[in-house]
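So this block is coords-v4.cif, mmCIF, C-alpha atoms:
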data_input
#
loop_
_atom_site.label_atom_id
_atom_site.label_comp_id
_atom_site.auth_asym_id
_atom_site.auth_seq_id
_atom_site.Cartn_x
_atom_site.Cartn_y
_atom_site.Cartn_z
CA MET A 897 -30.19 19.08 -9.84
CA ASN A 898 -28.07 16.30 -11.30
CA CYS A 899 -30.11 13.16 -10.81
CA SER A 900 -31.60 10.20 -12.60
CA LEU A 901 -34.69 11.40 -14.44
CA ASP A 902 -35.51 8.21 -16.34
CA PHE A 903 -38.59 7.57 -14.20
CA PHE A 904 -40.11 10.92 -15.15
CA HIS A 905 -39.13 10.65 -18.83
CA GLU A 906 -40.75 7.21 -19.07
CA ASN A 907 -44.00 8.32 -17.49
CA ILE A 908 -44.24 11.50 -19.54
CA ALA A 909 -43.80 9.29 -22.63
CA LYS A 910 -46.51 6.95 -21.31
CA ALA A 911 -48.93 9.83 -20.81
CA MET A 912 -48.24 11.06 -24.35
CA LYS A 913 -48.81 7.54 -25.73
CA ASN A 914 -52.14 7.40 -23.87
CA GLY A 915 -53.49 10.50 -25.60
CA ALA A 916 -51.94 13.52 -23.88
CA GLN A 917 -50.92 16.30 -26.22
CA TYR A 918 -48.33 17.50 -23.74
CA ALA A 919 -46.93 16.60 -20.31
CA ASP A 920 -44.12 17.90 -18.13
CA VAL A 921 -42.72 18.02 -14.60
CA TYR A 922 -41.50 21.28 -13.06
CA ILE A 923 -39.15 21.04 -10.06
CA GLN A 924 -37.88 24.01 -8.09
CA SER A 925 -35.72 24.74 -5.10
CA GLY A 926 -34.98 28.10 -3.62
CA GLU A 927 -34.77 30.40 -0.65
CA GLY A 928 -35.53 34.03 0.07
CA HIS A 929 -34.79 36.64 2.73
CA SER A 930 -36.34 40.04 3.42
CA VAL A 931 -35.59 42.92 5.80
CA HIS A 932 -38.11 45.68 6.48
CA PHE A 933 -36.86 48.85 8.21
CA GLU A 934 -39.39 51.39 9.53
CA ASP A 935 -39.66 54.01 12.29
CA GLY A 936 -35.91 54.00 12.83
CA LYS A 937 -35.55 50.27 13.45
CA ILE A 938 -35.70 46.89 11.78
CA ASP A 939 -39.39 46.03 11.82
CA GLU A 940 -39.25 42.55 10.33
CA ILE A 941 -36.76 39.93 9.18
CA SER A 942 -38.09 36.92 7.32
CA SER A 943 -36.65 33.89 5.55
CA SER A 944 -38.28 31.09 3.58
CA THR A 945 -37.57 28.13 1.35
CA ALA A 946 -39.59 27.07 -1.67
CA ASP A 947 -38.91 23.45 -2.69
CA GLY A 948 -41.56 21.57 -4.62
CA SER A 949 -42.80 20.23 -7.92
CA GLY A 950 -45.72 20.57 -10.27
CA SER A 951 -46.89 17.94 -12.78
CA ARG A 952 -48.96 18.87 -15.82
CA ILE A 953 -50.78 16.83 -18.46
CA ILE A 954 -52.75 18.48 -21.28
CA VAL A 955 -55.50 16.46 -22.95
CA ASN A 956 -57.67 17.93 -25.73
CA GLY A 957 -56.72 21.46 -24.70
CA LYS A 958 -57.60 20.92 -21.04
CA THR A 959 -54.90 21.18 -18.40
CA PHE A 960 -54.66 18.77 -15.47
CA TYR A 961 -52.24 19.86 -12.74
CA SER A 962 -51.01 18.58 -9.40
CA HIS A 963 -48.27 19.92 -7.12
CA ALA A 964 -46.47 18.89 -3.98
CA PRO A 965 -44.01 20.54 -1.57
CA GLY A 966 -40.56 19.08 -1.02
CA GLY A 967 -37.86 17.88 -3.36
CA GLY A 968 -37.87 14.14 -2.73
CA ALA A 969 -38.71 11.46 -5.25
CA ALA A 970 -41.83 10.27 -3.42
CA ALA A 971 -43.43 13.73 -3.38
CA ILE A 972 -42.68 14.42 -7.05
CA ALA A 973 -43.84 10.97 -8.16
CA SER A 974 -47.01 11.29 -6.08
CA ALA A 975 -47.88 14.61 -7.73
CA PHE A 976 -47.40 13.09 -11.17
CA ALA A 977 -49.54 10.06 -10.24
CA ARG A 978 -52.41 12.32 -9.11
CA CYS A 979 -52.14 14.33 -12.30
CA ALA A 980 -52.13 11.20 -14.47
CA ASP A 981 -55.17 9.89 -12.62
CA MET A 982 -57.12 13.13 -13.18
CA ALA A 983 -56.16 13.14 -16.85
CA ALA A 984 -56.89 9.41 -17.25
CA ALA A 985 -53.44 9.15 -18.82
CA GLY A 986 -52.47 5.86 -17.20
CA ALA A 987 -50.96 5.14 -13.82
CA PRO A 988 -47.19 5.76 -13.59
CA SER A 989 -45.07 2.65 -14.05
CA GLY A 990 -41.85 1.75 -12.28
CA ALA A 991 -40.49 3.13 -9.07
CA ALA A 992 -39.09 6.57 -8.44
CA PRO A 993 -35.29 6.48 -8.10
CA ASP A 994 -34.03 5.90 -4.56
CA GLY A 995 -32.24 8.89 -3.14
CA PHE A 996 -33.61 11.26 -5.76
CA ALA A 997 -33.86 14.74 -4.26
CA VAL A 998 -33.51 18.35 -5.28
CA GLU A 999 -29.95 19.41 -4.56
CA ARG A 1000 -29.32 22.57 -2.58
CA ALA A 1001 -27.33 25.24 -4.38
CA GLU A 1002 -23.66 25.68 -3.65
CA ASN A 1003 -24.22 29.46 -3.49
CA PRO A 1004 -27.66 30.02 -1.91
CA ALA A 1005 -29.08 33.49 -1.42
CA LYS A 1006 -27.84 34.81 1.92
CA GLN A 1007 -29.60 37.05 4.40
CA PRO A 1008 -28.90 40.60 3.16
CA ASP A 1009 -26.63 42.87 5.13
CA ALA A 1010 -29.01 45.59 6.31
CA SER A 1011 -26.56 47.48 8.52
CA PHE A 1012 -26.60 50.48 6.17
CA LEU A 1013 -30.35 51.11 6.56
CA ARG A 1014 -30.09 52.96 9.87
CA GLU A 1015 -27.44 55.32 8.52
CA ILE A 1016 -29.54 56.04 5.40
CA ASP A 1017 -32.62 56.68 7.50
CA GLU A 1018 -30.79 59.08 9.83
CA THR A 1019 -29.28 60.94 6.87
CA ILE A 1020 -32.63 61.30 5.11
CA LYS A 1021 -34.44 62.56 8.19
CA LYS A 1022 -31.90 65.34 8.61
CA GLU A 1023 -32.73 66.66 5.14
CA SER A 1024 -36.30 67.80 5.84
CA PRO A 1025 -38.43 68.64 8.89
CA TYR A 1026 -41.55 67.52 7.01
CA ILE A 1027 -40.76 63.79 7.00
CA ARG A 1028 -43.37 61.87 8.98
CA GLN A 1029 -42.35 58.34 8.10
CA SER A 1030 -39.65 56.55 6.12
CA SER A 1031 -39.37 52.85 5.37
CA TYR A 1032 -37.13 50.53 3.37
CA ARG A 1033 -37.43 46.94 2.20
CA TYR A 1034 -34.41 44.91 1.07
CA THR A 1035 -35.11 41.48 -0.42
CA VAL A 1036 -32.92 38.75 -1.93
CA SER A 1037 -33.91 35.35 -3.29
CA ARG A 1038 -32.70 32.53 -5.49
CA ARG A 1039 -34.65 30.03 -7.53
CA ARG A 1040 -33.30 26.98 -9.27
CA ILE A 1041 -35.65 25.18 -11.68
CA LEU A 1042 -35.60 21.97 -13.66
CA VAL A 1043 -38.23 21.11 -16.28
CA VAL A 1044 -38.59 17.55 -17.56
CA LYS A 1045 -40.23 17.70 -21.00
CA PRO A 1046 -41.47 15.22 -23.62
CA GLY A 1047 -38.87 13.55 -25.81
CA GLY A 1048 -36.28 13.26 -23.05
CA GLU A 1049 -35.57 17.00 -22.92
CA VAL A 1050 -34.50 18.69 -19.69
CA ALA A 1051 -34.04 22.41 -19.09
CA GLU A 1052 -32.36 24.00 -16.06
CA ASP A 1053 -32.13 27.61 -14.94
CA GLU A 1054 -30.94 29.45 -11.84
CA ARG A 1055 -32.15 32.96 -11.04
CA TYR A 1056 -31.12 35.42 -8.35
CA TYR A 1057 -33.49 38.29 -7.52
CA THR A 1058 -32.52 41.33 -5.46
CA SER A 1059 -34.66 44.39 -4.78
CA PHE A 1060 -34.54 47.53 -2.66
CA ALA A 1061 -37.47 49.91 -2.16
CA ALA A 1062 -37.58 53.24 -0.30
CA GLN A 1063 -40.72 55.13 0.73
CA VAL A 1064 -40.97 58.53 2.39
CA ILE A 1065 -44.15 60.17 3.70
CA ALA A 1066 -44.06 63.95 4.16
CA GLU A 1067 -46.63 66.28 5.72
CA ARG A 1068 -47.00 70.05 5.80
CA ASP A 1069 -50.02 72.10 6.82
CA GLY A 1070 -52.24 69.04 6.82
CA VAL A 1071 -51.20 67.95 3.31
CA VAL A 1072 -49.68 64.46 3.18
CA GLN A 1073 -47.71 63.15 0.19
CA THR A 1074 -45.78 59.95 -0.44
CA GLY A 1075 -42.67 59.46 -2.53
CA SER A 1076 -41.09 56.14 -3.46
CA GLU A 1077 -38.28 54.66 -5.52
CA ARG A 1078 -37.04 51.12 -6.15
CA ARG A 1079 -34.32 49.08 -7.78
CA CYS A 1080 -34.92 45.44 -8.80
CA MET A 1081 -32.52 43.20 -10.73
CA THR A 1082 -31.91 39.53 -11.49
CA LEU A 1083 -28.53 39.72 -9.80
CA PRO A 1084 -27.10 38.34 -6.54
CA GLN A 1085 -26.72 40.97 -3.86
CA GLU A 1086 -22.93 40.99 -4.36
CA LEU A 1087 -23.47 42.62 -7.78
CA PHE A 1088 -26.70 44.47 -7.10
CA TRP A 1089 -25.29 47.82 -6.02
CA ASN A 1090 -22.79 48.19 -8.88
CA GLY A 1091 -23.48 51.66 -10.30
CA ALA A 1092 -26.25 52.41 -7.79
CA SER A 1093 -26.58 53.91 -4.30
CA PRO A 1094 -29.27 53.10 -1.72
CA LEU A 1095 -28.93 56.62 -0.31
CA GLU A 1096 -29.65 58.17 -3.72
CA LEU A 1097 -32.73 55.96 -4.09
CA ALA A 1098 -33.96 57.17 -0.71
CA ARG A 1099 -33.24 60.79 -1.68
CA THR A 1100 -35.26 60.35 -4.86
CA ALA A 1101 -38.21 59.14 -2.79
CA LEU A 1102 -37.81 62.12 -0.46
CA ARG A 1103 -37.59 64.58 -3.36
CA ARG A 1104 -40.85 63.29 -4.84
CA ALA A 1105 -42.70 63.57 -1.54
CA LEU A 1106 -41.47 67.13 -0.92
CA LEU A 1107 -42.13 68.18 -4.50
CA MET A 1108 -45.77 67.10 -4.26
CA LEU A 1109 -46.15 69.18 -1.07
CA GLU A 1110 -45.29 72.21 -3.24
CA ALA A 1111 -47.49 71.12 -6.14
CA ARG A 1112 -50.78 72.75 -7.05
CA PRO A 1113 -53.92 70.85 -8.08
CA CYS A 1114 -53.76 69.45 -11.60
CA PRO A 1115 -56.16 70.94 -14.15
CA ALA A 1116 -58.44 68.58 -16.09
CA GLY A 1117 -59.21 68.18 -19.75
CA LYS A 1118 -57.99 66.62 -22.98
CA MET A 1119 -54.41 67.64 -23.65
CA ARG A 1120 -51.08 66.68 -25.13
CA VAL A 1121 -49.07 64.54 -22.69
CA LEU A 1122 -45.29 64.31 -22.75
CA MET A 1123 -44.07 61.27 -20.84
CA ALA A 1124 -40.50 61.02 -19.62
CA GLY A 1125 -38.66 57.74 -20.04
CA GLU A 1126 -38.56 57.59 -16.23
CA ALA A 1127 -42.36 57.61 -16.15
CA GLY A 1128 -42.22 53.84 -16.28
CA GLY A 1129 -43.66 51.65 -19.00
CA THR A 1130 -47.16 51.55 -17.53
CA ILE A 1131 -48.92 52.17 -20.83
CA VAL A 1132 -46.58 49.74 -22.62
CA HIS A 1133 -47.13 46.97 -20.10
CA GLU A 1134 -50.62 47.39 -18.69
CA ALA A 1135 -52.59 49.00 -21.48
CA CYS A 1136 -50.93 47.23 -24.43
CA GLY A 1137 -48.70 44.33 -23.38
CA HIS A 1138 -51.36 42.23 -21.65
CA GLY A 1139 -53.55 42.49 -24.72
CA LEU A 1140 -50.78 40.78 -26.70
CA GLU A 1141 -50.62 37.69 -24.46
CA ALA A 1142 -52.12 34.84 -26.44
CA ASP A 1143 -54.58 33.60 -23.83
CA ILE A 1144 -56.09 37.08 -23.52
CA VAL A 1145 -56.05 37.44 -27.31
CA GLU A 1146 -57.99 34.23 -27.89
CA LYS A 1147 -60.06 33.63 -24.75
CA ASP A 1148 -60.94 37.20 -23.83
CA TYR A 1149 -61.12 38.67 -27.33
CA SER A 1150 -58.34 41.22 -26.97
CA THR A 1151 -58.62 44.23 -29.24
CA TYR A 1152 -55.52 42.86 -31.02
CA ARG A 1153 -57.20 39.59 -31.98
CA GLY A 1154 -56.93 38.74 -35.68
CA LYS A 1155 -54.75 41.76 -36.46
CA ILE A 1156 -51.36 40.17 -37.21
CA GLY A 1157 -49.94 42.09 -40.18
CA GLU A 1158 -52.18 45.12 -39.61
CA LYS A 1159 -51.14 48.59 -38.51
CA VAL A 1160 -52.04 48.99 -34.84
CA ALA A 1161 -49.76 51.84 -33.74
CA HIS A 1162 -47.95 54.90 -35.01
CA GLU A 1163 -45.20 54.03 -37.51
CA THR A 1164 -42.51 55.10 -35.01
CA VAL A 1165 -43.60 52.35 -32.58
CA THR A 1166 -41.63 49.10 -32.31
CA MET A 1167 -42.42 47.00 -29.22
CA ILE A 1168 -40.11 44.22 -28.04
CA ASP A 1169 -40.34 41.53 -25.36
CA GLY A 1170 -37.01 39.97 -24.42
CA PRO A 1171 -35.81 38.14 -21.28
CA LEU A 1172 -32.12 38.03 -22.27
CA THR A 1173 -30.84 41.42 -21.18
CA GLU A 1174 -28.31 40.60 -18.44
CA GLY A 1175 -29.75 41.69 -15.13
CA LEU A 1176 -33.20 43.15 -15.81
CA TYR A 1177 -35.91 41.93 -13.45
CA GLY A 1178 -37.74 39.91 -16.11
CA ASP A 1179 -34.66 37.99 -17.28
CA TYR A 1180 -34.39 34.21 -17.64
CA ARG A 1181 -32.50 31.73 -19.85
CA PHE A 1182 -35.45 29.32 -20.06
CA ASP A 1183 -39.06 30.07 -19.27
CA ASP A 1184 -40.97 28.03 -16.68
CA GLU A 1185 -41.83 25.40 -19.30
CA GLY A 1186 -38.18 24.92 -20.28
CA THR A 1187 -38.49 26.81 -23.58
CA PRO A 1188 -35.32 28.79 -24.43
CA ALA A 1189 -35.76 32.53 -23.95
CA GLN A 1190 -35.90 34.65 -27.07
CA ARG A 1191 -36.42 38.21 -28.26
CA THR A 1192 -39.91 38.65 -29.70
CA VAL A 1193 -40.91 41.58 -31.90
CA LEU A 1194 -44.53 42.31 -31.03
CA ILE A 1195 -45.05 45.47 -33.07
CA GLU A 1196 -42.66 46.67 -35.78
CA ASN A 1197 -42.96 50.16 -37.26
CA GLY A 1198 -46.58 50.21 -36.12
CA VAL A 1199 -47.48 46.79 -37.58
CA LEU A 1200 -48.54 43.89 -35.32
CA LYS A 1201 -46.15 40.96 -35.76
CA ASN A 1202 -46.57 38.45 -32.90
CA TYR A 1203 -48.35 37.47 -29.72
CA LEU A 1204 -46.69 36.12 -26.57
CA THR A 1205 -47.28 32.38 -26.11
CA ASP A 1206 -46.78 29.44 -23.80
CA VAL A 1207 -46.95 25.77 -24.84
CA LEU A 1208 -50.73 25.50 -24.47
CA SER A 1209 -51.65 28.64 -26.39
CA SER A 1210 -49.10 27.84 -29.08
CA GLN A 1211 -50.67 24.43 -29.62
CA LEU A 1212 -54.30 25.54 -29.31
CA TYR A 1213 -54.07 28.49 -31.67
CA GLY A 1214 -51.27 27.45 -34.02
CA LEU A 1215 -48.96 30.28 -32.95
CA PRO A 1216 -45.15 30.36 -32.75
CA LEU A 1217 -43.76 29.39 -29.34
CA THR A 1218 -42.12 32.52 -27.91
CA GLY A 1219 -40.83 31.23 -24.54
CA ASN A 1220 -43.20 33.28 -22.35
CA GLY A 1221 -44.73 30.48 -20.25
CA ARG A 1222 -44.25 31.78 -16.71
CA ARG A 1223 -45.47 30.84 -13.25
CA GLU A 1224 -45.15 32.26 -9.76
CA SER A 1225 -44.07 28.93 -8.25
CA TYR A 1226 -44.44 25.16 -8.51
CA ARG A 1227 -47.99 25.57 -7.17
CA CYS A 1228 -49.10 27.38 -10.33
CA VAL A 1229 -49.91 26.46 -13.92
CA PRO A 1230 -47.81 28.44 -16.44
CA VAL A 1231 -49.57 31.08 -18.54
CA PRO A 1232 -48.36 33.52 -21.22
CA ARG A 1233 -46.64 36.44 -19.49
CA MET A 1234 -44.42 39.36 -20.46
CA SER A 1235 -40.76 39.44 -19.40
CA ASN A 1236 -38.92 42.70 -20.26
CA THR A 1237 -41.26 44.64 -22.55
CA TYR A 1238 -40.29 47.97 -24.07
CA LEU A 1239 -40.57 50.40 -26.97
CA LEU A 1240 -37.45 51.05 -29.03
CA PRO A 1241 -36.20 54.66 -28.90
CA GLY A 1242 -37.01 57.18 -31.63
CA ARG A 1243 -35.05 60.16 -32.95
CA ASP A 1244 -36.35 63.14 -30.99
CA ASP A 1245 -34.89 64.58 -27.82
CA LEU A 1246 -36.94 65.66 -24.82
CA ASP A 1247 -36.29 69.40 -25.29
CA THR A 1248 -37.55 69.27 -28.88
CA MET A 1249 -40.77 67.52 -27.85
CA LEU A 1250 -41.23 69.96 -24.98
CA ALA A 1251 -40.82 72.95 -27.32
CA ARG A 1252 -43.52 71.52 -29.60
CA THR A 1253 -46.06 71.51 -26.78
CA GLU A 1254 -47.87 74.80 -26.28
CA ARG A 1255 -49.96 73.47 -23.41
CA GLY A 1256 -49.97 70.04 -21.83
CA LEU A 1257 -48.79 67.79 -19.05
CA PHE A 1258 -45.28 66.46 -18.48
CA VAL A 1259 -45.42 63.10 -16.66
CA LYS A 1260 -42.19 62.34 -14.86
CA LYS A 1261 -43.37 59.28 -12.90
CA MET A 1262 -46.46 57.11 -13.07
CA GLY A 1263 -48.22 55.51 -10.11
CA GLY A 1264 -50.72 52.66 -10.00
CA GLY A 1265 -54.02 52.30 -11.79
CA GLU A 1266 -56.51 49.99 -13.43
CA VAL A 1267 -56.77 48.56 -16.93
CA ASP A 1268 -59.07 46.26 -18.88
CA PRO A 1269 -56.57 44.00 -20.70
CA THR A 1270 -59.19 42.99 -23.27
CA SER A 1271 -60.03 46.50 -24.49
CA GLY A 1272 -56.95 48.34 -23.24
CA ASP A 1273 -59.05 50.99 -21.47
CA PHE A 1274 -57.07 52.42 -18.56
CA VAL A 1275 -57.10 54.77 -15.60
CA PHE A 1276 -53.58 55.55 -14.35
CA TYR A 1277 -52.50 57.71 -11.44
CA VAL A 1278 -49.51 60.03 -11.79
CA SER A 1279 -47.09 60.43 -8.90
CA GLU A 1280 -44.98 63.25 -10.38
CA ALA A 1281 -46.11 65.69 -13.06
CA TYR A 1282 -45.64 69.27 -14.27
CA LEU A 1283 -47.65 71.62 -16.44
CA ILE A 1284 -46.25 72.53 -19.84
CA GLU A 1285 -46.87 76.15 -20.78
CA LYS A 1286 -45.70 77.70 -24.04
CA GLY A 1287 -43.17 74.95 -24.65
CA LYS A 1288 -41.55 75.19 -21.25
CA LEU A 1289 -41.76 73.19 -18.05
CA GLY A 1290 -44.10 74.84 -15.55
CA ALA A 1291 -45.23 74.24 -12.00
CA PRO A 1292 -45.51 70.78 -10.45
CA VAL A 1293 -49.06 69.48 -10.10
CA ARG A 1294 -50.61 66.74 -7.98
CA GLY A 1295 -53.69 64.59 -8.33
CA ALA A 1296 -53.24 63.94 -12.07
CA ILE A 1297 -55.06 60.94 -13.55
CA LEU A 1298 -54.66 59.69 -17.12
CA THR A 1299 -57.62 57.97 -18.76
CA GLY A 1300 -57.72 56.52 -22.22
CA ASN A 1301 -57.18 53.42 -24.33
CA GLY A 1302 -53.80 51.71 -24.77
CA PRO A 1303 -54.05 50.82 -28.48
CA GLU A 1304 -55.41 54.30 -29.20
CA ALA A 1305 -52.56 55.88 -27.24
CA LEU A 1306 -50.03 53.92 -29.36
CA ARG A 1307 -51.70 55.26 -32.50
CA ASN A 1308 -51.63 58.81 -31.13
CA ILE A 1309 -47.90 58.89 -30.38
CA SER A 1310 -46.48 61.77 -32.41
CA ALA A 1311 -42.83 61.53 -31.32
CA LEU A 1312 -40.50 59.15 -29.50
CA GLY A 1313 -37.36 60.21 -27.67
CA ASN A 1314 -33.85 58.94 -28.30
CA ASN A 1315 -33.53 57.55 -24.77
CA LEU A 1316 -34.77 54.33 -23.19
CA VAL A 1317 -35.44 53.87 -19.48
CA MET A 1318 -36.32 50.48 -17.94
CA ASP A 1319 -38.57 50.27 -14.88
CA PRO A 1320 -38.88 47.02 -12.85
CA GLY A 1321 -41.83 45.68 -10.93
CA MET A 1322 -44.11 42.74 -10.20
CA CYS A 1323 -46.87 41.83 -12.63
CA GLY A 1324 -50.10 40.21 -11.48
CA LYS A 1325 -52.24 37.94 -13.65
CA SER A 1326 -54.35 34.82 -13.02
CA GLY A 1327 -53.68 35.17 -9.31
CA GLN A 1328 -49.91 34.96 -9.85
CA SER A 1329 -47.13 37.56 -9.59
CA VAL A 1330 -43.88 37.40 -11.57
CA PRO A 1331 -40.95 39.84 -11.92
CA VAL A 1332 -40.99 42.01 -15.05
CA THR A 1333 -39.40 45.13 -16.47
CA ASP A 1334 -41.19 47.72 -18.61
CA GLY A 1335 -39.39 50.31 -20.70
CA GLN A 1336 -40.05 53.31 -22.84
CA PRO A 1337 -38.31 56.33 -24.28
CA SER A 1338 -39.79 59.75 -23.64
CA MET A 1339 -42.89 60.04 -25.82
CA LEU A 1340 -45.39 62.64 -26.91
CA ILE A 1341 -49.03 61.47 -26.98
CA GLU A 1342 -51.80 63.53 -28.52
CA GLY A 1343 -55.20 63.97 -26.93
CA LEU A 1344 -55.07 62.03 -23.67
CA THR A 1345 -57.78 62.83 -21.14
CA VAL A 1346 -56.31 64.21 -17.93
CA GLY A 1347 -58.40 64.10 -14.78
CA GLY A 1348 -57.19 66.38 -12.05
CA SER A 1349 -57.99 67.57 -8.58
CA GLU A 1350 -59.29 70.84 -10.05
CA ALA A 1351 -62.05 68.93 -11.85
#

This structure in structure tokens:
Amino acid sequence: MNCSLDFFHENIAKAMKNGAQYADVYIQSGEGHSVHFEDGKIDEISSSTADGSGSRIIVNGKTFYSHAPGGGAAAIASAFARCADMAAAGAPSGAAPDGFAVERAENPAKQPDASFLREIDETIKKESPYIRQSSYRYTVSRRRILVVKPGGEVAEDERYYTSFAAQVIAERDGVVQTGSERRCMTLPQELFWNGASPLELARTALRRALLMLEARPCPAGKMRVLMAGEAGGTIVHEACGHGLEADIVEKDYSTYRGKIGEKVAHETVTMIDGPLTEGLYGDYRFDDEGTPAQRTVLIENGVLKNYLTDVLSSQLYGLPLTGNGRRESYRCVPVPRMSNTYLLPGRDDLDTMLARTERGLFVKKMGGGEVDPTSGDFVFYVSEAYLIEKGKLGAPVRGAILTGNGPEALRNISALGNNLVMDPGMCGKSGQSVPVTDGQPSMLIEGLTVGGSEA
């Protein structure tokens, strides 16, 4: 995006001189491709481009925002003019540079090669007579962003996203179960499969579906829960992480409000948010406000240290700027969001924690659920679980539901494993979705309420 940006610098400076506390212009270009394979054939192929800009002016804590599609000077300047008019920050002066336009990337994301999907599907269907449906989605995209900031600053970033998801539905004797597995990275497709196999991902999905056909109904009650690292960081992200985003802390009175420096979790718990991890789905070099990415310690040895902020929340509440201003696209206002959020490993191994559990539930993989980000109260569904009986792994169970409170669960952790597993996904907030990764070691939690199909 090498171009003359003087016009935008001058008008941002003018808005600031006329009373704005902050102003910026966000410009993006990009393209994406997706292949969906189902019922033995390619069901859908789609491609899209996403060029556009968003202009923002903040006055007295209130955000004024305007966006426009396209990468030409006229569209970007028009969006800024509308924003300036709404904010009463003065009409833009001068003319947008002739010929200004968002440049296309030299290495755009290409339509993924999906020729292997049929072979995988045929192989999987030979492995069980109980498969009723199998589907796969392979997606690649690229986004290039440029943020023009006050003081003549400019930040640029380029991000490649690649994901593959497999789902298998199995049925036996009228019982239907679904298994799924996914891989998502901020890597171009040429590097995406290094160290991974699409067939093994599909087999993992199949194994989960077949296992749940064998499973018995889950018992209910309050019990000790041992979560594998592979369970996914659902509690870390949903039940705790959102409550540490500064807008939720201040506007919605998160349970963590006013507790910086206080003990909020077990002393073994250290929670990190960091978008600089080379390939994880929540990675970026600059956030969507042009702030350099950084590693933020949220909780250290059980003590609350920081909240996650964007420019607005940092200014409004006098908090350090952590580089977590994120947006789904140029159409959206940035808000504080997690990137890659995880608990640091502890010292225990899984076998030791298992042996310590006389009776409980071993959660191998979490499903979806609901959470109140203000209080941290949650209801999470479990997609793969086993009973623990006399310190040993027992029978698989289905229909398990975990209910509880995220901050309370962090306080009730009695042991953390010496492993760390990262689980990617999409995070929704404020009507926007952004890529994230959640991570946790195996962990032993005391006194979680388990709802089951036996209840």

Excluding A:Ser1279 and residues on its chain fewer than 5 positions from it, collect all residues at most 7 Å away from it, counting only C-alpha atoms, and give them as a PDB file with C-alpha atoms, in the coordinates of the input.
ATOM      1  CA  LYS A1261     -43.370  59.280 -12.900  1.00  0.00           C
ATOM      2  CA  MET A1262     -46.460  57.110 -13.070  1.00  0.00           C
ATOM      3  CA  GLY A1263     -48.220  55.510 -10.110  1.00  0.00           C
TER       4      GLY A1263
END

Name the residues in contact with stretch 1206-1221 of chain A at a cut-off of 9 Å, using only C-alpha atoms, excluding same-chain residues fewer than 4 positions from it; report them as a ChimeraX atom specification.
/A:917-918,954,957-959,1141-1143,1146,1171,1182-1192,1202,1230-1235

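Picked out by the PyMOL selection byres ((chain A and resi 1064) around 6) when it runs on this file: Gln1029, Ser1030, Gln1063, Ile1065, Thr1074, Gly1075, Ala1101 and Leu1102 of chain A.
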
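Distance check against A:Arg1033 using all atoms listed in the file: of A:Phe1012, A:Tyr1282, A:Phe1060, A:Tyr1177, the minimum falls on A:Phe1060.
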
Tell me, as a PDB file with C-alpha atoms, in the frame of the given file, which residues lie within 10 Å of A:His929, counting all atoms listed in the file; anything in the same chain fewer than 3 positions away does not count.
ATOM      1  CA  ILE A 941     -36.760  39.930   9.180  1.00  0.00           C
ATOM      2  CA  SER A 942     -38.090  36.920   7.320  1.00  0.00           C
ATOM      3  CA  SER A 943     -36.650  33.890   5.550  1.00  0.00           C
ATOM      4  CA  SER A 944     -38.280  31.090   3.580  1.00  0.00           C
ATOM      5  CA  THR A 945     -37.570  28.130   1.350  1.00  0.00           C
ATOM      6  CA  ALA A1005     -29.080  33.490  -1.420  1.00  0.00           C
ATOM      7  CA  LYS A1006     -27.840  34.810   1.920  1.00  0.00           C
ATOM      8  CA  GLN A1007     -29.600  37.050   4.400  1.00  0.00           C
ATOM      9  CA  PRO A1008     -28.900  40.600   3.160  1.00  0.00           C
ATOM     10  CA  TYR A1034     -34.410  44.910   1.070  1.00  0.00           C
ATOM     11  CA  THR A1035     -35.110  41.480  -0.420  1.00  0.00           C
ATOM     12  CA  VAL A1036     -32.920  38.750  -1.930  1.00  0.00           C
ATOM     13  CA  SER A1037     -33.910  35.350  -3.290  1.00  0.00           C
ATOM     14  CA  ARG A1038     -32.700  32.530  -5.490  1.00  0.00           C
ATOM     15  CA  THR A1058     -32.520  41.330  -5.460  1.00  0.00           C
TER      16      THR A1058
END

Considering only C-alpha atoms, can you say which of A:Ala911, A:Ala1127, A:Leu1107, A:Val1346 comes closest to A:Arg1068?
A:Leu1107

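Picture a line from atom CA of A:Gly1290 to atom CA of A:Asn1308; it runs 23.6 Å.
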
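Shell of A:Asp1334 at 8 Å, with all atoms listed in the file counted and residues fewer than 5 places along the chain excluded, is Gly1128, Gly1129, Thr1130, Val1132, His1133, Asn1236, Thr1237, Tyr1238, Met1318, Asp1319, Pro1320 and Gly1321 of chain A.
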
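Once the PyMOL selection byres ((chain A and resi 1336) around 6) is applied to this file, the selection holds Gly1125, Gly1129, Tyr1238, Leu1239, Leu1316, Val1317, Gly1335 and Pro1337 of chain A.
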
For a test of reading the model, state the distance in Å between atom CA of A:Met1322 and atom CA of A:Cys1080, rounded to one decimal.
9.7 Å

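If you count all atoms listed in the file and draw a sphere of 12 Å around (-50.3, 17.6, -1.8), the protein and nucleic acid residues inside it come out as Gly948, Ser949, Gly950, Ser951, Tyr961, Ser962, His963, Ala964, Pro965, Gly966, Ala970, Ala971, Ile972, Ala973, Ser974, Ala975, Phe976, Ala977, Arg978, Cys979, Tyr1226 and Arg1227 of chain A.
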
Applied to the shown file, which residues does the PyMOL selection byres ((chain A and resi 1020) around 9) return, written as an MDAnalysis selection string?
chainID A and resid 1015:1019 1021:1024 1027 1030 1095 1098:1099 1102

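What separates atom CA of A:Ala987 from atom CA of A:Glu1224 is a distance of 28.0 Å.
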
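Candidate residues A:Val1121, A:Ala946, A:Leu1087, A:Ile1284 were compared for distance to A:Ser925, and the nearest is A:Ala946, using only C-alpha atoms.
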